[in-house]
Amino acid sequence: MSGGAPRTPTQRFWTGVLYVTSAAVLFFLLAPILAIVPLSVNESRFLTYPMTGFSGRWYADLGLDPRWGKALVNSLIIGVASTALSMVLGTLAAIGLNRARFPGHGVVTAIVLSPMIVPVVISSVGFYLFYAPLGLTGTYLGLILGHTALAVPFVVVTVSATLAGFDHGLMRAAANLGASPLTAFRRVMMPLIAPGLAAGALFAFATSLDEVVMVLMVAGPDQRTLPREMFSGIRENISPTITAIATILIVLAVALLATLEALRRRGERLKAGDAA
Amino acid sequence: MGGEVTAKDLRRRLRRAERLNRLGAFALVGPLLLFLLVVFVMPIADMMRRSVHDPELGRVWPQVVVAIGGWTDRSRPPPEPVFKALAADMRASREAGNLAVAARRLNYDIENGRSLVQNTARRLPAEATSWTETFVAADPRWGEPETWGAIDRAAGPLTSFFLLAALDLQRHADGAITPAPPQKSVYLDLLQRTFGIGLGVTVLCLLLGFPVAYLIAALPPARANLLLILVLLPFWTSLLVRTTAWVVVLQERGLVNELMLWLGLIDRPVRLIYNRIGVVIAMTHVLLPFMILPLYSVMKAIRPDFMRAAASLGAPPATAFLRVYLPQTLPGIAAGTLLVFIMAIGYYITPALVGGAGDQMISYFIAFYTSDTVNWGMASALGAVLLVATLILYAVYVRLIGVDRMRLG
């Protein structure tokens with residue numbers, strides 16, 4: 001199928017099967033997400049179709065309930081802070097891992113990436129049991145540190161991917177010309193890997209924004225984030241307000257994806273320019 | 001001569017420069033390594049310690065945990081000095097107000113152990129001629145070796161109790177290890193359920209993901225990119241949003257039931273959520289992109305001329321697919337299935353929200369023992385089981401696919 005148009009009826013049949021199955025799978029992936037969007041502007045408080053009429057009241061509820069406002073602010077504080085911290089630590093580490101193969105390179109890489117693999121419940125319970133006696137649970141700092149640990153592998157992976165084609169000789173050339181390491185990073189490396197850095201930051205922010213297990217374990221009543229409130233909402237009594245917040249998050253996901261796609265294209269152009 | 005010296009000198013300087021470069025590279029990774037050590041590795045290592053470290057009983061009952069060392073004939077209750085030590089410990093801990101600690105710890109091992117300890121302590125006289133008789137009179141269970149075996153097992157500071165319990169095993173007073181009685185055997189079921197759901201979800205993801213990845217790899221770049229974005233949209237959508245979506249869609253009067261009713265497939269709504277069906281559907285939905293992406297990246301690199309070569313050598317399309325194409329996708333299948341399975345067995349949120357009581361996986365119980373019953377030994381032991389399983393699979397992944405090739409999206 002990868003070579004030219006199908007010729008025989010059998011081949012045409014299998015191509016048909018392939019298209020139909022793929023369409024069905026994509027429908028399975030997308031339909032449930034899209035199905036909740038109309039319900040967020042439905043009149044009725046029941047989350048069922050057919051819709052009874054248009055209403056913006058669930059969005060108004062969202063704005064009026066201080067719980068959601070507080071949750072949004074918490075999510076932003078924790079998300080931005082842990083993104084900043086994981087960007088610094090993760091970018092340095094990615095540059096280091098990419099620059100030379102030092103002894104223990106494989107083990108270090110495996111450790112750095114392991115928060116992505118170890119079940120979040122283990123990272124969270126471990127963090128809770130270890131840091132509760134030190135008073136770090138129920139604080140913003142505790143959650144920021146915890147989320148940084150969970151988000152940092154994504155930064156390392158994303159930045160490493162853009163560094164793969166980077167010529168470290170450029171940095172030596174900059175040093176030879178008298179640039180300090182920081183200047184060399186800012187003026188030479190950063191412009192070339194900027195799309196990867198931006199993608200890494202988005203990845204880290206999305207990780208923190210979507211994380212709920214660590215929040216369940218470590219957060220106090222003052223640090224409840226959006227996913228934490230949604231968790232309670234789904235558990236206790238699922239109301240159309242949840243579909244309103246879900247719709248906002250879907251729009252956010254679309255925006256995130258569009259930004260990443262733009263960054264990817266930019267990165268490809270930079271690489272193509274390099275090769276030319 | 002001179003040239004040789006310069007060459008040697010150059011080589012030495014080159015080596016030194018390389019060494020410095022390696023050192024500099026390591027120094028850049030250092031801050032992150034240190035951070036993860038403190039925030040991630042140490043807490044988990046400490047959690048693992050808790051699965052074998054059991055100092056609670058020794059702290060509140062210091063005398064009996066020493067005295068029980070003098071209990072040699074494990075087929076009979078221990079000698080009088082051990083009873084006497086327990087009496088002293090019980091009185092002291094009752095006065096100090098930490099009897100509940102001992103009661104809770106023994107309750108893990110002995111059925112109704114909490115009330116056994118509390119009731120006995122309340123009835124204990126100040127003086128007695130035979131403590132053995134006094135205890136047995138207060139509760140006949142003090143005459144059974146297994147009760148004392150529980151105290152011995154909890155004497156600490158190290159214990160195998162929690163890890164054995166996590167595998168439905170128990171150690172008897174005489175040291176023999178046997179399977180736990182059926183009413184106490186819940187954890188092997190739990191493990192089986194966890195791995196069963198993980199496997200089912202992985203197989204579903206592979207079956208659903210393979211054709212999509214294949215199609216995307218075969219399409220021209222512009223259309224492939226569009227489909228890829230459609231796969232990535234759910235991937236970037238919050239897990240809680242997707243779970244909400246399934247609750248709405250699968251509920252009793254949700255879209256799926258309404259549709260099936262309208263089509264006449266069923267005549268009354270069927271239960272699709274808060275059971276195993278809901279868990280498997282929602283988890284497959286969440287994990288499917290993690291299967292499609294590695295499959296696609298491998299399939300994209302497969303050269304179409306191989307298939308053409310097979311066809312021109314006379315292989316029917318099915319044979320060419322099975323013998324030439326499929327084997328080349330194996331690295332992608334390995335990466336996708338391992339990744340999905342590793343993530344699936346650690347799942348907590350999705351089963352907690354769309355599953356019933358009988359669909360909760362091991363992560364749920366780790367969280368439950370941590371915050372609801374405060375049995376940290378058991379939480380840590382179950383955590384150890386899950387962590388070991390995960391790390392073995394991670395090692396396989398690193399070995400087969402390479403740690404450098406781990407990327408998502």
# chains A, B, ... in the order shown; residues from 1 in each chain; ligands from 1
>>> residues_around(residues="range 7-12 of chain A", least_positions_apart="5", cutoff="10 Å", atoms="only C-alpha atoms", output="list in words")
Met1, Val17 and Leu18 of chain A; Pro317 and Ala318 of chain B
>>> interface_residues(of="chain B", to="chain A", cutoff="7 Å", atoms="only C-alpha atoms", output="MDAnalysis selection string")
chainID B and resid 21:22 25:26 28:29 31:33 36 39:40 43:44 47 208 211:212 218 233:234 236:242 244:246 248:249 253:254 285 304 346 353 363 367 383 387 390 403 407
>>> atom_distance(atom1="CA of Ser44 in chain A", atom2="CA of Val73 in chain A")
28.8 Å
>>> atom_distance(atom1="CA of Leu20 in chain B", atom2="CA of Met87 in chain A")
25.0 Å
>>> select_by_dssp(residues="range 154-286 of chain B", states="strand (DSSP E)", output="number ranges by chain")
B: 169-171, 177-179
>>> residues_around(residues="Tyr140 in chain A", least_positions_apart="6", cutoff="12 Å", atoms="only C-alpha atoms", output="PDB file with N, CA and C atoms, in the first residue's frame")
ATOM      1  N   VAL A  73      -5.886  29.646  39.840  1.00  0.00           N
ATOM      2  CA  VAL A  73      -4.693  30.372  40.293  1.00  0.00           C
ATOM      3  C   VAL A  73      -3.640  29.388  40.800  1.00  0.00           C
ATOM      4  N   ASN A  74      -4.077  28.407  41.611  1.00  0.00           N
ATOM      5  CA  ASN A  74      -3.137  27.402  42.123  1.00  0.00           C
ATOM      6  C   ASN A  74      -2.455  26.644  40.996  1.00  0.00           C
ATOM      7  N   SER A  75      -3.251  26.225  40.008  1.00  0.00           N
ATOM      8  CA  SER A  75      -2.689  25.480  38.885  1.00  0.00           C
ATOM      9  C   SER A  75      -1.632  26.318  38.170  1.00  0.00           C
ATOM     10  N   LEU A  76      -1.936  27.617  38.004  1.00  0.00           N
ATOM     11  CA  LEU A  76      -0.986  28.487  37.295  1.00  0.00           C
ATOM     12  C   LEU A  76       0.288  28.684  38.110  1.00  0.00           C
ATOM     13  N   ILE A  77       0.144  28.955  39.405  1.00  0.00           N
ATOM     14  CA  ILE A  77       1.327  29.161  40.248  1.00  0.00           C
ATOM     15  C   ILE A  77       2.230  27.929  40.184  1.00  0.00           C
ATOM     16  N   ILE A  78       1.631  26.768  40.465  1.00  0.00           N
ATOM     17  CA  ILE A  78       2.424  25.538  40.537  1.00  0.00           C
ATOM     18  C   ILE A  78       2.966  25.176  39.159  1.00  0.00           C
ATOM     19  N   GLY A  79       2.131  25.371  38.125  1.00  0.00           N
ATOM     20  CA  GLY A  79       2.561  25.044  36.766  1.00  0.00           C
ATOM     21  C   GLY A  79       3.723  25.909  36.306  1.00  0.00           C
ATOM     22  N   VAL A  80       3.608  27.210  36.498  1.00  0.00           N
ATOM     23  CA  VAL A  80       4.657  28.123  36.024  1.00  0.00           C
ATOM     24  C   VAL A  80       5.957  27.889  36.798  1.00  0.00           C
ATOM     25  N   ALA A  81       5.844  27.769  38.127  1.00  0.00           N
ATOM     26  CA  ALA A  81       7.057  27.597  38.928  1.00  0.00           C
ATOM     27  C   ALA A  81       7.751  26.279  38.606  1.00  0.00           C
ATOM     28  N   SER A  82       6.981  25.193  38.489  1.00  0.00           N
ATOM     29  CA  SER A  82       7.654  23.921  38.234  1.00  0.00           C
ATOM     30  C   SER A  82       8.174  23.873  36.799  1.00  0.00           C
ATOM     31  N   GLY A 146       7.675  18.500  43.730  1.00  0.00           N
ATOM     32  CA  GLY A 146       7.161  17.222  43.249  1.00  0.00           C
ATOM     33  C   GLY A 146       6.840  17.261  41.759  1.00  0.00           C
ATOM     34  N   HIS A 147       6.157  18.320  41.321  1.00  0.00           N
ATOM     35  CA  HIS A 147       5.802  18.434  39.907  1.00  0.00           C
ATOM     36  C   HIS A 147       7.033  18.621  39.034  1.00  0.00           C
ATOM     37  N   VAL A 215      -0.949  15.786  43.669  1.00  0.00           N
ATOM     38  CA  VAL A 215      -1.769  16.799  44.338  1.00  0.00           C
ATOM     39  C   VAL A 215      -2.650  16.150  45.407  1.00  0.00           C
ATOM     40  N   VAL A 218      -0.084  15.265  48.283  1.00  0.00           N
ATOM     41  CA  VAL A 218       0.795  16.259  48.893  1.00  0.00           C
ATOM     42  C   VAL A 218       0.083  17.576  49.216  1.00  0.00           C
ATOM     43  N   ALA A 219      -0.940  17.955  48.417  1.00  0.00           N
ATOM     44  CA  ALA A 219      -1.546  19.278  48.596  1.00  0.00           C
ATOM     45  C   ALA A 219      -2.406  19.344  49.848  1.00  0.00           C
ATOM     46  N   GLY A 220      -2.440  20.511  50.461  1.00  0.00           N
ATOM     47  CA  GLY A 220      -3.391  20.777  51.529  1.00  0.00           C
ATOM     48  C   GLY A 220      -4.623  21.427  50.923  1.00  0.00           C
ATOM     49  N   PRO A 221      -5.611  21.782  51.740  1.00  0.00           N
ATOM     50  CA  PRO A 221      -6.836  22.387  51.196  1.00  0.00           C
ATOM     51  C   PRO A 221      -6.573  23.703  50.451  1.00  0.00           C
ATOM     52  N   ASP A 222      -5.453  24.366  50.751  1.00  0.00           N
ATOM     53  CA  ASP A 222      -5.158  25.638  50.088  1.00  0.00           C
ATOM     54  C   ASP A 222      -4.544  25.474  48.712  1.00  0.00           C
ATOM     55  N   GLN A 223      -4.062  24.262  48.403  1.00  0.00           N
ATOM     56  CA  GLN A 223      -3.340  24.097  47.133  1.00  0.00           C
ATOM     57  C   GLN A 223      -4.129  23.285  46.115  1.00  0.00           C
ATOM     58  N   ARG A 224      -5.424  23.175  46.302  1.00  0.00           N
ATOM     59  CA  ARG A 224      -6.194  22.348  45.352  1.00  0.00           C
ATOM     60  C   ARG A 224      -6.146  22.967  43.957  1.00  0.00           C
ATOM     61  N   THR A 225      -5.786  22.147  42.986  1.00  0.00           N
ATOM     62  CA  THR A 225      -5.635  22.632  41.609  1.00  0.00           C
ATOM     63  C   THR A 225      -6.862  22.261  40.777  1.00  0.00           C
TER      64      THR A 225
END
>>> residues_around(residues="Ala344 in chain B", least_positions_apart="4", cutoff="8 Å", atoms="only C-alpha atoms", output="ChimeraX atom specification")
/B:197-198,201-202,283,287,340
>>> residues_around(residues="range 162-170 of chain A", least_positions_apart="3", cutoff="10 Å", atoms="only C-alpha atoms", output="VMD selection string")
chain A and resid 94 to 95 97 to 100 157 to 159 173 to 176 184 188 to 189 192 to 197 199 264 267 to 268 271 274
>>> select_by_dssp(residues="range 49-123 of chain B", states="alpha helix (DSSP H)", output="PyMOL selection string")
chain B and resi 49-50+56-60+62-67+80-96+99-109+113-123
>>> residues_around(residues="Asp89 in chain B", least_positions_apart="3", cutoff="8 Å", atoms="only C-alpha atoms", output="ChimeraX atom specification")
/B:60-64,85-86,92-93
>>> residues_around(residues="Tyr296 in chain B", least_positions_apart="5", cutoff="7 Å", atoms="only C-alpha atoms", output="number ranges by chain")
B: 213-214, 217
>>> closest_residue(among="B:Ile273, B:Ile229, B:Leu215, B:Met361", to="Lys300 in chain B", atoms="only C-alpha atoms")
B:Leu215
>>> decode(residues="range 50-169 of chain A", atoms="C-alpha atoms", output="compact mmCIF listing (two decimals), in the first residue's frame")
# COMPACT_ATOMS: atom_id res chain seq x y z
CA PRO A 50 -30.71 15.75 22.97
CA MET A 51 -29.94 19.29 24.07
CA THR A 52 -32.81 21.27 25.50
CA GLY A 53 -31.59 24.78 24.73
CA PHE A 54 -28.61 27.08 24.73
CA SER A 55 -27.32 28.55 27.98
CA GLY A 56 -24.11 30.09 29.22
CA ARG A 57 -25.03 29.57 32.86
CA TRP A 58 -22.46 26.83 33.53
CA TYR A 59 -19.66 29.15 32.46
CA ALA A 60 -21.16 31.88 34.64
CA ASP A 61 -21.25 29.42 37.56
CA LEU A 62 -17.60 28.73 36.95
CA GLY A 63 -16.79 32.40 37.25
CA LEU A 64 -18.95 32.89 40.33
CA ASP A 65 -17.69 29.94 42.35
CA PRO A 66 -14.48 31.08 44.12
CA ARG A 67 -13.41 27.42 44.36
CA TRP A 68 -12.69 27.27 40.63
CA GLY A 69 -10.99 30.64 40.55
CA LYS A 70 -8.72 29.58 43.39
CA ALA A 71 -8.02 26.26 41.66
CA LEU A 72 -7.08 28.06 38.45
CA VAL A 73 -4.69 30.37 40.29
CA ASN A 74 -3.14 27.40 42.12
CA SER A 75 -2.69 25.48 38.88
CA LEU A 76 -0.99 28.49 37.30
CA ILE A 77 1.33 29.16 40.25
CA ILE A 78 2.42 25.54 40.54
CA GLY A 79 2.56 25.04 36.77
CA VAL A 80 4.66 28.12 36.02
CA ALA A 81 7.06 27.60 38.93
CA SER A 82 7.65 23.92 38.23
CA THR A 83 8.04 24.64 34.51
CA ALA A 84 10.69 27.28 35.24
CA LEU A 85 12.59 24.99 37.60
CA SER A 86 12.40 21.96 35.32
CA MET A 87 13.49 24.08 32.33
CA VAL A 88 16.69 25.20 34.10
CA LEU A 89 17.58 21.76 35.45
CA GLY A 90 16.39 19.85 32.39
CA THR A 91 18.07 22.04 29.77
CA LEU A 92 21.43 21.95 31.56
CA ALA A 93 21.17 18.18 31.89
CA ALA A 94 20.17 17.72 28.24
CA ILE A 95 23.16 19.78 27.09
CA GLY A 96 25.45 17.77 29.37
CA LEU A 97 24.07 14.41 28.25
CA ASN A 98 24.40 15.48 24.63
CA ARG A 99 27.91 16.96 24.86
CA ALA A 100 29.96 13.92 25.80
CA ARG A 101 29.58 10.30 26.82
CA PHE A 102 30.99 10.28 30.34
CA PRO A 103 31.32 7.11 32.42
CA GLY A 104 27.90 6.09 33.72
CA HIS A 105 26.16 8.00 30.92
CA GLY A 106 23.55 5.29 30.42
CA VAL A 107 22.76 4.94 34.12
CA VAL A 108 22.48 8.72 34.55
CA THR A 109 20.15 8.94 31.56
CA ALA A 110 18.03 6.12 32.95
CA ILE A 111 17.77 7.86 36.35
CA VAL A 112 16.94 11.22 34.80
CA LEU A 113 14.15 9.71 32.72
CA SER A 114 12.81 7.37 35.43
CA PRO A 115 10.16 9.75 36.88
CA MET A 116 8.39 9.28 33.54
CA ILE A 117 8.32 5.50 34.06
CA VAL A 118 7.87 5.00 37.82
CA PRO A 119 4.13 4.99 38.64
CA VAL A 120 3.09 8.40 39.92
CA VAL A 121 1.47 6.85 42.96
CA ILE A 122 4.88 5.57 44.10
CA SER A 123 6.62 8.93 43.52
CA SER A 124 3.77 10.67 45.35
CA VAL A 125 3.47 8.34 48.33
CA GLY A 126 7.26 8.30 48.67
CA PHE A 127 7.35 12.10 48.60
CA TYR A 128 4.49 12.33 51.07
CA LEU A 129 5.94 9.89 53.62
CA PHE A 130 9.41 11.39 53.37
CA TYR A 131 8.53 15.09 53.43
CA ALA A 132 5.44 15.18 55.66
CA PRO A 133 7.60 15.08 58.83
CA LEU A 134 9.61 18.00 57.43
CA GLY A 135 6.48 20.07 56.91
CA LEU A 136 6.77 20.19 53.13
CA THR A 137 3.34 18.67 52.51
CA GLY A 138 0.45 21.08 52.30
CA THR A 139 2.75 23.77 50.87
CA TYR A 140 3.21 25.25 47.42
CA LEU A 141 6.93 24.52 47.59
CA GLY A 142 6.29 20.82 48.15
CA LEU A 143 4.00 20.57 45.14
CA ILE A 144 6.34 22.61 42.95
CA LEU A 145 9.27 20.33 43.81
CA GLY A 146 7.16 17.22 43.25
CA HIS A 147 5.80 18.43 39.91
CA THR A 148 9.28 19.47 38.78
CA ALA A 149 10.52 15.93 39.35
CA LEU A 150 7.63 14.56 37.27
CA ALA A 151 7.96 17.13 34.48
CA VAL A 152 11.73 17.32 34.09
CA PRO A 153 12.17 14.12 32.02
CA PHE A 154 9.92 15.59 29.34
CA VAL A 155 12.15 18.65 29.15
CA VAL A 156 15.27 16.48 28.91
CA VAL A 157 13.74 14.33 26.16
CA THR A 158 12.43 17.28 24.14
CA VAL A 159 15.55 19.43 24.40
CA SER A 160 17.80 16.41 23.69
CA ALA A 161 15.85 15.76 20.51
CA THR A 162 16.60 19.25 19.17
CA LEU A 163 20.21 19.08 20.37
CA ALA A 164 20.77 15.86 18.41
CA GLY A 165 21.81 17.81 15.33
CA PHE A 166 23.70 20.53 17.21
CA ASP A 167 27.41 20.96 16.44
CA HIS A 168 29.24 21.50 19.73
CA GLY A 169 32.17 22.87 17.74
